[in-house]
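Trainee: Got a structure for you, input-v1.txt, holding compact mmCIF, C-alpha atoms and all ligand atoms.
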```
# COMPACT_ATOMS: atom_id res chain seq x y z
CA MET A 1 151.37 117.70 214.25
CA ALA A 2 152.62 121.18 215.12
CA ARG A 3 154.03 123.80 212.79
CA PHE A 4 156.02 126.86 213.72
CA LEU A 5 157.99 129.68 212.16
CA HIS A 6 161.63 130.10 213.22
CA LEU A 7 162.97 133.60 212.69
CA SER A 8 165.96 135.37 214.15
CA ASP A 9 168.20 138.44 214.32
CA THR A 10 165.61 140.98 213.18
CA HIS A 11 167.56 143.90 214.76
CA LEU A 12 164.52 146.21 214.81
CA GLY A 13 165.57 149.85 215.00
CA TYR A 14 168.87 149.36 213.23
CA ARG A 15 169.56 152.31 210.97
CA GLN A 16 172.29 151.03 208.69
CA TYR A 17 174.62 153.67 207.23
CA MET A 18 172.56 156.28 209.14
CA MET A 19 169.86 156.00 206.47
CA ASP A 20 166.19 156.36 207.47
CA LEU A 21 165.24 154.04 204.63
CA ARG A 22 167.42 151.29 206.01
CA GLU A 23 165.56 151.49 209.33
CA GLU A 24 162.29 151.10 207.39
CA ASP A 25 163.76 148.12 205.54
CA PHE A 26 164.33 146.25 208.80
CA TYR A 27 160.70 146.81 209.84
CA GLU A 28 159.47 145.61 206.44
CA SER A 29 161.46 142.38 206.35
CA PHE A 30 160.43 141.65 209.95
CA ASN A 31 156.76 142.21 209.05
CA GLU A 32 157.09 139.97 206.02
CA ALA A 33 158.46 137.23 208.28
CA ILE A 34 155.52 137.64 210.67
CA ASP A 35 152.98 137.70 207.82
CA THR A 36 154.57 134.58 206.32
CA GLY A 37 153.89 132.72 209.55
CA LEU A 38 150.32 134.00 209.71
CA GLU A 39 149.63 133.06 206.09
CA GLU A 40 151.01 129.58 206.76
CA ASN A 41 148.77 129.50 209.83
CA VAL A 42 151.60 128.19 212.01
CA ASP A 43 150.75 127.23 215.58
CA PHE A 44 153.43 129.42 217.13
CA PHE A 45 156.55 131.52 216.44
CA VAL A 46 160.10 131.00 217.65
CA HIS A 47 162.47 134.00 217.64
CA THR A 48 166.06 133.18 218.55
CA GLY A 49 167.29 136.59 219.64
CA ASP A 50 168.53 140.04 218.61
CA LEU A 51 164.90 141.08 218.26
CA PHE A 52 165.87 144.73 218.66
CA ASP A 53 169.19 146.17 217.63
CA THR A 54 169.91 147.47 221.13
CA TRP A 55 168.73 146.54 224.61
CA SER A 56 167.24 150.04 224.88
CA PRO A 57 165.31 150.35 221.61
CA SER A 58 163.66 153.49 220.27
CA ASN A 59 159.94 154.05 220.83
CA ARG A 60 159.44 153.60 217.09
CA ALA A 61 161.12 150.18 217.11
CA MET A 62 159.01 149.05 220.09
CA ASN A 63 155.85 150.32 218.42
CA GLU A 64 156.60 148.36 215.23
CA PHE A 65 157.07 145.24 217.33
CA LYS A 66 153.87 145.93 219.25
CA LYS A 67 151.85 146.26 216.04
CA ALA A 68 153.14 142.90 214.81
CA MET A 69 152.43 141.24 218.17
CA ILE A 70 148.87 142.55 218.12
CA LYS A 71 148.40 140.70 214.81
CA LEU A 72 149.62 137.50 216.48
CA TYR A 73 147.53 138.08 219.58
CA LYS A 74 144.37 138.48 217.52
CA LYS A 75 145.05 135.10 215.92
CA ASN A 76 145.89 133.57 219.26
CA LYS A 77 149.52 132.84 218.34
CA VAL A 78 152.32 132.96 220.87
CA MET A 79 155.88 134.07 220.16
CA TYR A 80 158.58 132.30 222.15
CA LEU A 81 161.72 134.33 222.40
CA ILE A 82 165.22 134.29 223.85
CA MET A 83 167.61 137.21 224.25
CA GLY A 84 170.48 137.68 221.85
CA ASP A 85 173.67 139.53 222.78
CA HIS A 86 172.03 142.77 221.59
CA ASP A 87 168.96 142.28 223.81
CA ARG A 88 170.54 141.74 227.22
CA PRO A 89 170.27 144.90 229.35
CA LYS A 90 173.67 146.25 230.32
CA ARG A 91 172.32 147.69 233.54
CA THR A 92 169.69 146.38 235.91
CA ASP A 93 166.80 147.04 233.60
CA GLU A 94 163.80 145.23 232.19
CA VAL A 95 164.28 143.31 228.94
CA ALA A 96 162.51 145.30 226.21
CA SER A 97 160.63 142.33 224.73
CA ARG A 98 159.17 141.40 228.15
CA ILE A 99 157.10 144.59 228.12
CA PHE A 100 154.94 142.83 225.50
CA ASP A 101 154.16 139.74 227.59
CA PHE A 102 150.47 140.74 227.65
CA LEU A 103 150.40 140.11 223.87
CA GLY A 104 151.66 136.55 224.20
CA VAL A 105 155.39 137.20 223.98
CA LYS A 106 157.12 134.60 226.13
CA LEU A 107 160.76 135.27 226.93
CA LEU A 108 162.74 132.19 227.97
CA GLY A 109 166.03 131.46 229.67
CA THR A 110 167.20 134.89 230.77
CA GLU A 111 169.25 133.45 233.65
CA GLY A 112 170.08 130.06 232.17
CA LEU A 113 168.24 127.12 230.71
CA GLN A 114 164.45 127.27 231.01
CA ASN A 115 162.10 124.45 230.00
CA THR A 116 158.44 124.53 229.21
CA VAL A 117 156.18 121.84 227.81
CA ILE A 118 153.77 123.13 225.19
CA ASN A 119 150.98 121.29 223.45
CA TYR A 120 149.92 121.97 219.87
CA GLY A 121 147.94 119.72 217.55
CA GLY A 122 147.68 117.14 220.30
CA GLU A 123 151.44 116.78 220.64
CA ASP A 124 153.53 117.57 223.70
CA ILE A 125 156.69 119.45 222.82
CA LEU A 126 159.53 120.24 225.18
CA LEU A 127 160.61 123.78 224.41
CA SER A 128 163.89 124.77 226.03
CA GLY A 129 165.35 128.25 225.80
CA ILE A 130 168.65 129.68 226.84
CA SER A 131 169.38 133.33 226.20
CA ASN A 132 172.77 134.48 224.98
CA MET A 133 175.60 133.60 227.35
CA LYS A 134 178.80 135.55 226.96
CA GLY A 135 181.44 137.00 229.23
CA LEU A 136 181.24 135.25 232.61
CA ARG A 137 178.07 133.41 231.66
CA LYS A 138 179.89 131.69 228.80
CA ASN A 139 181.69 129.30 231.20
CA GLY A 140 178.41 127.73 232.20
CA LEU A 141 177.13 127.24 228.68
CA ILE A 142 178.33 123.70 227.95
CA GLU A 143 177.08 122.59 231.37
CA GLN A 144 173.67 124.09 230.55
CA TYR A 145 173.63 122.25 227.22
CA ARG A 146 174.38 118.98 229.05
CA LYS A 147 171.55 119.63 231.48
CA ALA A 148 169.25 120.39 228.57
CA ASP A 149 170.23 117.16 226.86
CA VAL A 150 169.20 115.12 229.93
CA GLU A 151 165.87 116.97 230.07
CA ALA A 152 165.16 116.27 226.39
CA ARG A 153 165.76 112.53 226.52
CA PRO A 154 162.23 111.39 227.52
CA TYR A 155 160.48 113.67 225.02
CA LYS A 156 159.44 112.59 221.56
CA ASN A 157 159.21 116.18 220.34
CA SER A 158 161.66 118.81 221.48
CA ILE A 159 163.12 122.16 220.45
CA LEU A 160 166.13 123.98 221.89
CA MET A 161 166.44 127.74 221.35
CA SER A 162 169.90 129.27 221.75
CA HIS A 163 171.77 132.37 220.58
CA GLN A 164 175.49 131.63 220.35
CA GLY A 165 178.40 131.40 217.96
CA VAL A 166 178.89 127.76 217.03
CA SER A 167 182.01 126.59 215.23
CA PRO A 168 182.31 125.96 212.25
CA TYR A 169 179.55 128.41 211.28
CA LEU A 170 181.68 131.36 212.40
CA ILE A 171 185.45 131.71 212.71
CA ALA A 172 186.56 129.78 215.81
CA GLU A 173 187.73 132.92 217.70
CA ALA A 174 184.20 134.33 217.59
CA CYS A 175 182.54 131.13 218.83
CA GLU A 176 181.56 130.09 222.34
CA VAL A 177 181.04 126.42 221.46
CA ASP A 178 181.90 123.77 218.93
CA SER A 179 179.10 121.94 217.15
CA LYS A 180 180.19 118.71 218.89
CA ASP A 181 179.21 120.30 222.24
CA LEU A 182 175.60 120.79 221.16
CA PRO A 183 172.86 118.62 222.68
CA VAL A 184 171.93 115.54 220.67
CA ASN A 185 168.57 114.55 222.20
CA TYR A 186 166.57 117.44 220.77
CA LYS A 187 164.71 117.15 217.49
CA TYR A 188 165.31 120.73 216.33
CA LEU A 189 168.09 123.11 217.37
CA ALA A 190 166.84 126.65 216.70
CA PHE A 191 169.80 129.01 216.72
CA GLY A 192 170.40 132.72 216.38
CA HIS A 193 173.50 134.94 216.17
CA VAL A 194 175.03 133.96 212.82
CA HIS A 195 173.36 136.16 210.22
CA ASP A 196 173.93 133.88 207.22
CA SER A 197 171.28 131.19 207.25
CA HIS A 198 172.22 127.54 207.72
CA LEU A 199 169.82 124.64 207.69
CA VAL A 200 171.34 121.21 208.29
CA THR A 201 168.73 118.52 207.72
CA ASP A 202 170.91 115.51 206.88
CA ARG A 203 171.99 114.97 210.49
CA TYR A 204 170.26 114.55 213.84
CA PRO A 205 169.14 116.79 215.39
CA VAL A 206 168.12 119.14 212.60
CA PHE A 207 170.18 122.29 213.19
CA SER A 208 169.51 125.79 211.93
CA TYR A 209 170.66 129.34 212.10
CA ALA A 210 167.55 131.00 210.68
CA GLY A 211 169.77 133.98 209.85
CA SER A 212 168.94 137.67 209.94
CA THR A 213 165.95 139.05 208.04
CA ASP A 214 167.98 141.93 206.59
CA LEU A 215 171.68 142.63 206.04
CA ASN A 216 173.49 144.18 209.00
CA SER A 217 176.83 144.46 207.21
CA THR A 218 178.51 143.86 203.88
CA ASN A 219 179.83 140.56 205.35
CA GLU A 220 176.36 139.19 204.67
CA VAL A 221 176.35 140.14 200.98
CA LYS A 222 177.96 136.97 199.65
CA ASN A 223 175.46 134.61 201.24
CA PHE A 224 172.57 136.98 200.53
CA VAL A 225 173.30 137.18 196.80
CA LYS A 226 173.37 133.37 196.68
CA ASN A 227 170.48 132.47 198.99
CA GLY A 228 168.58 135.61 199.96
CA LYS A 229 167.29 136.16 203.50
CA SER A 230 164.81 133.71 204.94
CA VAL A 231 162.84 132.23 207.79
CA ASN A 232 162.22 128.55 208.48
CA LEU A 233 158.88 126.81 208.36
CA VAL A 234 159.17 123.80 210.66
CA GLU A 235 156.87 120.85 211.11
CA ILE A 236 157.29 118.61 214.13
CA HIS A 237 155.30 115.42 214.38
CA ASN A 238 155.73 112.22 216.33
CA GLY A 239 159.47 112.73 216.78
CA THR A 240 160.29 113.78 213.25
CA VAL A 241 161.10 117.24 211.96
CA GLU A 242 160.71 118.74 208.53
CA ALA A 243 162.13 122.19 207.99
CA GLN A 244 162.27 124.38 204.93
CA ARG A 245 163.58 127.85 204.23
CA ILE A 246 161.09 130.42 203.03
CA ARG A 247 162.81 133.22 201.22
CA LEU A 248 161.83 136.78 202.12
CA LYS A 249 160.96 138.99 199.18
CA SER A 250 161.05 142.42 200.77
CA THR A 251 164.72 142.48 201.83
CA ARG A 252 166.47 145.23 199.84
CA TYR A 253 168.97 143.87 197.34
CA GLN A 254 172.56 144.60 198.38
CA ASP A 255 175.78 143.88 196.61
CA THR A 256 179.40 145.04 196.48
CA VAL A 257 181.48 146.25 193.55
CA SER A 258 185.23 146.00 193.89
CA SER A 259 186.69 147.00 190.53
CA ASP A 260 189.26 149.20 188.85
CA TYR A 261 188.59 152.53 187.17
CA GLY A 262 187.99 150.94 183.79
CA ASN A 263 185.27 148.53 184.92
CA TYR A 264 183.27 149.87 187.81
CA MET A 265 180.37 151.27 185.73
CA GLN A 266 179.96 148.01 183.86
CA ASP A 267 179.95 146.11 187.16
CA ILE A 268 177.33 148.44 188.66
CA ASP A 269 175.17 148.05 185.52
CA LYS A 270 175.47 144.29 185.72
CA ILE A 271 174.14 144.28 189.29
CA MET A 272 171.34 146.71 188.44
CA SER A 273 170.09 144.53 185.60
CA ARG A 274 169.90 141.46 187.83
CA GLU A 275 166.49 140.08 188.70
CA ARG A 276 165.27 141.16 192.12
CA THR A 277 162.47 140.07 194.44
CA ASN A 278 161.18 143.61 195.06
CA ARG A 279 161.11 147.08 193.52
CA LYS A 280 163.36 148.75 196.07
CA ASP A 281 166.44 150.44 194.65
CA PRO A 282 169.44 148.15 195.17
CA LEU A 283 172.16 149.30 197.56
CA ILE A 284 175.66 148.82 196.17
CA SER A 285 178.88 149.43 198.13
CA VAL A 286 181.58 150.49 195.67
CA THR A 287 185.35 150.21 196.05
CA ILE A 288 187.62 151.35 193.23
CA HIS A 289 191.19 150.07 193.02
CA GLY A 290 194.23 151.78 191.54
CA ASP A 291 194.43 155.16 189.84
CA ALA A 292 191.14 156.87 189.17
CA ASN A 293 189.85 160.27 188.14
CA ARG A 294 187.94 160.75 191.38
CA GLU A 295 185.92 163.77 190.34
CA GLU A 296 184.74 161.98 187.24
CA VAL A 297 183.82 158.84 189.21
CA LYS A 298 181.81 160.88 191.72
CA MET A 299 179.99 162.71 188.91
CA LYS A 300 179.11 159.51 187.09
CA ILE A 301 177.91 157.87 190.29
CA ASN A 302 175.82 160.90 191.26
CA ALA A 303 174.12 160.74 187.86
CA LEU A 304 172.93 157.17 188.39
CA ARG A 305 169.23 156.67 189.03
CA ASP A 306 167.25 153.87 190.71
CA VAL A 307 170.20 152.75 192.82
CA ILE A 308 171.79 153.72 196.13
CA ILE A 309 175.56 153.82 195.92
CA ARG A 310 177.64 153.65 199.07
CA GLY A 311 181.10 155.10 198.61
CA PRO A 312 182.99 155.05 196.39
CA VAL A 313 185.97 154.08 198.53
CA PHE A 314 189.23 154.56 196.65
CA GLU A 315 191.30 151.60 197.69
CA LYS A 316 194.63 153.30 196.99
CA GLU A 317 194.24 155.55 200.05
CA VAL A 318 193.64 152.61 202.32
CA LYS A 319 196.57 150.67 200.87
CA THR A 320 199.14 153.40 201.61
CA VAL A 321 198.17 153.31 205.29
CA GLU A 322 198.24 149.54 205.46
CA ALA A 323 201.58 149.42 203.68
CA ARG A 324 203.29 151.37 206.46
CA PRO A 325 205.46 149.10 208.65
CA ASN A 326 204.06 147.94 212.00
CA MET A 327 200.58 149.24 211.29
CA SER A 328 198.90 145.87 211.26
CA LYS A 329 197.04 146.22 214.56
CA LEU A 330 194.49 148.74 215.79
CA GLN A 331 196.82 149.41 218.73
CA ASP A 332 199.48 150.74 216.30
CA TYR A 333 197.10 153.37 215.02
CA PHE A 334 196.24 154.58 218.51
CA MET A 335 199.97 154.62 219.36
CA ALA A 336 200.78 156.64 216.24
CA TYR A 337 198.10 159.14 217.21
CA PHE A 338 198.78 159.53 220.95
CA HIS A 339 202.56 158.79 221.06
CA ASP A 340 201.84 157.33 224.51
CA ALA A 341 201.51 153.61 225.23
CA ASN A 342 199.10 154.05 228.18
CA MET A 343 196.80 156.33 226.25
CA ALA A 344 196.88 153.97 223.27
CA ILE A 345 195.88 151.00 225.45
CA LEU A 346 193.14 153.02 227.13
CA ALA A 347 191.81 154.24 223.78
CA GLU A 348 191.67 150.72 222.42
CA ASN A 349 189.91 149.42 225.52
CA ILE A 350 187.35 152.20 225.37
CA PHE A 351 186.92 151.62 221.64
CA ASN A 352 186.28 147.92 222.20
CA SER A 353 183.84 148.42 225.05
CA ILE A 354 181.85 151.02 223.10
CA LYS A 355 181.83 148.72 220.08
CA ASN A 356 180.28 146.05 222.32
CA GLU A 357 177.83 148.62 223.70
CA ASP A 358 179.36 148.12 227.12
CA SER A 359 179.32 151.75 228.20
CA GLU A 360 179.68 150.74 231.88
CA THR A 361 183.20 149.47 231.17
CA SER A 362 183.99 152.60 229.15
CA TYR A 363 183.01 154.83 232.07
CA ARG A 364 184.96 152.68 234.51
CA LEU A 365 188.12 152.92 232.36
CA ILE A 366 187.77 156.68 232.06
CA ARG A 367 187.14 157.05 235.82
CA GLU A 368 190.28 155.01 236.50
CA ILE A 369 192.53 157.07 234.25
CA MET A 370 191.06 160.35 235.53
CA LYS A 371 191.43 159.00 239.10
CA VAL A 372 187.86 159.89 240.04
CA GLU A 373 185.53 157.70 242.05
MN MN A 401 172.42 139.41 215.45
```
What would you get if you wrote out this structure as structure tokens?
Mentor:
Amino acid sequence: MARFLHLSDTHLGYRQYMMDLREEDFYESFNEAIDTGLEENVDFFVHTGDLFDTWSPSNRAMNEFKKAMIKLYKKNKVMYLIMGDHDRPKRTDEVASRIFDFLGVKLLGTEGLQNTVINYGGEDILLSGISNMKGLRKNGLIEQYRKADVEARPYKNSILMSHQGVSPYLIAEACEVDSKDLPVNYKYLAFGHVHDSHLVTDRYPVFSYAGSTDLNSTNEVKNFVKNGKSVNLVEIHNGTVEAQRIRLKSTRYQDTVSSDYGNYMQDIDKIMSRERTNRKDPLISVTIHGDANREEVKMKINALRDVIIRGPVFEKEVKTVEARPNMSKLQDYFMAYFHDANMAILAENIFNSIKNEDSETSYRLIREIMKVE
């Protein structure tokens, strides 16, 4: 029998809302995940990508990772890893996590499917890894999955690690594959990319998005409030898999308030009185609809203690912009600003490439418009 911890999307170094304390939060929830695995005395760790928030992480983020990997190294535990979309270097550069190979960090599948047979507790396990495939690489993905499926057939115990958007766990436009395209011969499909956790145990193979260890955006609030953040403890033995979620306690409580002027304080109070898994001040993003005495709202919110309030956003402002005709697309806003279709298209392209951290494309677009080589 072998046991391992599946974690994902730890985004070390992410400094949400430009707050130092949010950067600390990400280190803490990551460390709790690592300590959970050590306390459970798992045989090995599986991380399914977006280890760091960017492919070129800060020294601090790398040092936090190093400290955790030293703990694993001392206990003789290996971490198997694939790259997420945030980890893949945009230029010809080394992958940040590979610097820590001397501590037993094993990066798999950077150029496509990679297989390795590991042995724990007397059981052979086929471990296949394929790092995130997007852009041009995306076209080869289903073919790689088919190849993987053939490889897995003769093995009793097998795990596939992959970092992709799978429909229906994300909206179809954001997915590279449909769940029917996933390999069927593996025993456990360890996935990363979707930050809400999903664990499907009533079908074969067992499928899971371990989910992120902390919230990267308010989109994750709904699932977080219901289920919390978690890692998976997985047991694989003689061709059967048992997986369970272990909830993390250190993740800072986050919630959203979307109320009118008459109710927002009550709604904030309600959230603050809720039971939490740690003593960190909760972080609440506040939106207030309709007419409001803004000065009074800001005063009341500033007077609150033991809570971090983000906002308030006064929804009325946003509505008046949205209500304008033909302002439904980002492009319309650029057009309204530049009054020039070419500039608007360029601005949107640059915006999108920067958003995807693809600065190479941004520079290329700017060079083209400026007509410089
Ligand atoms: Mn991620």
Trainee: Could you name the residues that touch region 347-357 of chain A at 9 Å or less, counting only C-alpha atoms, but leaving out those on the same chain fewer than 4 positions away, as a PyMOL selection string?
Mentor: chain A and resi 54+86+90+330-331+334+342-343+361-363+365-366
Trainee: In Å, with one decimal, what is the gap from CA of Asp181 (chain A) to CA of Arg245 (chain A)?
Mentor: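 Value for the CA of Asp181 (chain A)-CA of Arg245 (chain A) distance: 25.0 Å.
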Trainee: Around the point (158.8, 143.6, 204.9), in the coordinates given by the file, pick out the residues reaching within 10 Å, counting all atoms listed in the file, and return them as a compact mmCIF listing (two decimals) with C-alpha atoms, in the frame of the given file.
Mentor:
```txt
# COMPACT_ATOMS: atom_id res chain seq x y z
CA GLU A 24 162.29 151.10 207.39
CA ASP A 25 163.76 148.12 205.54
CA PHE A 26 164.33 146.25 208.80
CA TYR A 27 160.70 146.81 209.84
CA GLU A 28 159.47 145.61 206.44
CA SER A 29 161.46 142.38 206.35
CA PHE A 30 160.43 141.65 209.95
CA ASN A 31 156.76 142.21 209.05
CA GLU A 32 157.09 139.97 206.02
CA ALA A 33 158.46 137.23 208.28
CA ILE A 34 155.52 137.64 210.67
CA ASP A 35 152.98 137.70 207.82
CA THR A 213 165.95 139.05 208.04
CA ASP A 214 167.98 141.93 206.59
CA LEU A 248 161.83 136.78 202.12
CA LYS A 249 160.96 138.99 199.18
CA SER A 250 161.05 142.42 200.77
CA THR A 251 164.72 142.48 201.83
CA ARG A 252 166.47 145.23 199.84
```
Trainee: Select the residues contacting ligand MN 401 (chain A) at a distance of at most 9 Å, based on only C-alpha atoms and all ligand atoms, then format the selection as a PDB file with C-alpha atoms, keeping the file's coordinate frame.
Mentor:
```pdb
ATOM      1  CA  SER A   8     165.960 135.370 214.150  1.00  0.00           C
ATOM      2  CA  ASP A   9     168.200 138.440 214.320  1.00  0.00           C
ATOM      3  CA  THR A  10     165.610 140.980 213.180  1.00  0.00           C
ATOM      4  CA  HIS A  11     167.560 143.900 214.760  1.00  0.00           C
ATOM      5  CA  GLY A  49     167.290 136.590 219.640  1.00  0.00           C
ATOM      6  CA  ASP A  50     168.530 140.040 218.610  1.00  0.00           C
ATOM      7  CA  LEU A  51     164.900 141.080 218.260  1.00  0.00           C
ATOM      8  CA  ASP A  53     169.190 146.170 217.630  1.00  0.00           C
ATOM      9  CA  GLY A  84     170.480 137.680 221.850  1.00  0.00           C
ATOM     10  CA  ASP A  85     173.670 139.530 222.780  1.00  0.00           C
ATOM     11  CA  HIS A  86     172.030 142.770 221.590  1.00  0.00           C
ATOM     12  CA  HIS A 163     171.770 132.370 220.580  1.00  0.00           C
ATOM     13  CA  GLY A 192     170.400 132.720 216.380  1.00  0.00           C
ATOM     14  CA  HIS A 193     173.500 134.940 216.170  1.00  0.00           C
ATOM     15  CA  VAL A 194     175.030 133.960 212.820  1.00  0.00           C
ATOM     16  CA  HIS A 195     173.360 136.160 210.220  1.00  0.00           C
ATOM     17  CA  GLY A 211     169.770 133.980 209.850  1.00  0.00           C
ATOM     18  CA  SER A 212     168.940 137.670 209.940  1.00  0.00           C
ATOM     19  CA  ASN A 216     173.490 144.180 209.000  1.00  0.00           C
TER      20      ASN A 216
END
```
Trainee: What is the CA of Lys156 (chain A) to CA of Leu38 (chain A) distance in Å?
Mentor: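 Computing it gives 26.1 Å between the two atoms.
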Trainee: Set the distance at 9 Å and use only C-alpha atoms: which residues neighbour region 240-243 of chain A once local chain neighbours fewer than 2 positions away are removed? I'd like the list as a ChimeraX atom specification.
Mentor: /A:156-157,187-188,199,201,205-206,232-238,245
Trainee: Please list as an NGL selection string every residue within 10 Å of Leu304 (chain A), counting only C-alpha atoms and excluding residues in the same chain fewer than 4 positions away.
Mentor: :A and (265 or 268-269 or 299-300 or 308-309)
Trainee: Rank A:Asn293, A:Gln144, A:Gln16, A:Asn263 by their smallest atom-to-atom distance to Pro183 (chain A), using all atoms listed in the file, and report the top residue only.
Mentor: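 That would be A:Gln144, the residue with the smallest distance to Pro183 (chain A).
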Trainee: Find, counting only C-alpha atoms, the residue in A:Glu40, A:Lys147, A:Met19, A:Asp255 that gets nearest to Asn219 (chain A).
Mentor: A:Asp255
Trainee: Write out as a list in words the residues lying within 7 Å of region 135-139 of chain A, counting all atoms listed in the file and excluding same-chain residues fewer than 2 positions away.
Mentor: Met133, Leu141 and Glu176 of chain A
Trainee: Excluding region 72-82 of chain A and any residue of its chain fewer than 2 positions from it, enumerate the residues within 8 Å of it, using only C-alpha atoms, and give them as a ChimeraX atom specification.
Mentor: /A:38,43-49,68-70,84,103-110,129-132,161-163
